[in-house]
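K.L.:
Okay, handing you the structure first.
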Amino acid sequence: MEPRTVPLEDEIQQPRFPSLLEKTLVNLLFTGSWFQHLENGHKKRWDLTLTQYNILRILGGQHGTGISIGAVRERMLERNPDLTRTLDRLVRKGLIRREVCPGDRRQAELYLTPQGGALLAEVDTSLAHLSPGLRALSETEMVTLNTLLDKARAR
């Protein structure tokens, strides 16, 4: 069964927009916020914030090699001024480990622990919950959507 499509105008109770450009921007912001809210609720099951999950995904993409805190900061989906404290929480939970670089004691490398890897795999396998609307998209539609979003971010 196809999910029911609800026009943006109905969702936010605004019958008209001054321009198609403004409607598109509002729709992107609204939809991003909608998914973020959905994801926040989903991650609570594992006592994770979206920021913590983002860090785990970044470290998981390293496939066992370390990565500097600065490189993690550059790859974050959202800039987090409190990254050090967030990393400390993940270390306390046993999901990541921090090792001081022998050559430069001011630098540290971050690694995903086996426990963190197992948690990341568990969370990732549950992504099917995300949205019936996204699952209703064909692969071709998802490729098109990703291409359009990439194009919208072009500088």
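Identifiers in this document derive from the order of the structure tokens: chains are assigned A, B, ..., residues are numbered from 1 separately in each chain, and ligands are numbered from 1 in order of occurrence.
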Just the strand (DSSP E) stuff from chain A, please, per backbone DSSP, written as a list in words.
P.N.:
Ile67, Ser68, Ile96, Arg97, Arg98, Glu99, Val100, Ala108, Glu109, Leu110, Tyr111 and Leu112 of chain A
K.L.:
May I have the residues from that selection written out with N, CA and C atoms, as an mmCIF file, in the first residue's frame?
P.N.:
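part_28.cif written:
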data_model
loop_
_atom_site.group_PDB
_atom_site.id
_atom_site.type_symbol
_atom_site.label_atom_id
_atom_site.label_comp_id
_atom_site.auth_asym_id
_atom_site.auth_seq_id
_atom_site.Cartn_x
_atom_site.Cartn_y
_atom_site.Cartn_z
ATOM 1 N N ILE A 67 41.202 8.027 13.258
ATOM 2 C CA ILE A 67 40.912 9.294 12.594
ATOM 3 C C ILE A 67 41.047 10.406 13.633
ATOM 4 N N SER A 68 41.555 11.530 13.212
ATOM 5 C CA SER A 68 41.743 12.639 14.146
ATOM 6 C C SER A 68 40.405 13.291 14.489
ATOM 7 N N ILE A 96 33.681 4.118 21.721
ATOM 8 C CA ILE A 96 34.872 4.553 20.987
ATOM 9 C C ILE A 96 36.047 4.598 21.962
ATOM 10 N N ARG A 97 37.245 4.629 21.402
ATOM 11 C CA ARG A 97 38.416 4.843 22.254
ATOM 12 C C ARG A 97 39.252 5.953 21.636
ATOM 13 N N ARG A 98 39.933 6.656 22.503
ATOM 14 C CA ARG A 98 40.772 7.776 22.105
ATOM 15 C C ARG A 98 42.209 7.416 22.470
ATOM 16 N N GLU A 99 43.102 7.525 21.493
ATOM 17 C CA GLU A 99 44.521 7.238 21.747
ATOM 18 C C GLU A 99 45.340 8.465 21.387
ATOM 19 N N VAL A 100 46.206 8.846 22.307
ATOM 20 C CA VAL A 100 47.098 9.978 22.066
ATOM 21 C C VAL A 100 48.139 9.549 21.034
ATOM 22 N N ALA A 108 45.048 13.372 19.032
ATOM 23 C CA ALA A 108 44.473 12.086 19.431
ATOM 24 C C ALA A 108 43.792 11.461 18.225
ATOM 25 N N GLU A 109 43.840 10.154 18.179
ATOM 26 C CA GLU A 109 43.139 9.392 17.149
ATOM 27 C C GLU A 109 41.941 8.718 17.804
ATOM 28 N N LEU A 110 40.852 8.650 17.071
ATOM 29 C CA LEU A 110 39.635 8.017 17.564
ATOM 30 C C LEU A 110 39.425 6.696 16.829
ATOM 31 N N TYR A 111 38.936 5.711 17.555
ATOM 32 C CA TYR A 111 38.673 4.384 16.997
ATOM 33 C C TYR A 111 37.317 3.896 17.483
ATOM 34 N N LEU A 112 36.640 3.152 16.650
ATOM 35 C CA LEU A 112 35.401 2.497 17.034
ATOM 36 C C LEU A 112 35.773 1.216 17.789
#
K.L.:
Tell me, as a list in words, which residues lie within 7 Å of stretch 84-94 of chain A, counting only C-alpha atoms; anything in the same chain fewer than 6 positions away does not count.
P.N.:
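What passes the distance filter is Gln52, Thr113 and Gln115 of chain A.
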K.L.:
Any chance you can output those residues with C-alpha atoms as a compact mmCIF listing (two decimals), in the first residue's frame?
P.N.:
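selection_23.txt written:
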# COMPACT_ATOMS: atom_id res chain seq x y z
CA GLN A 52 26.69 10.42 18.62
CA THR A 113 35.44 -0.24 19.71
CA GLN A 115 31.05 -2.74 21.23
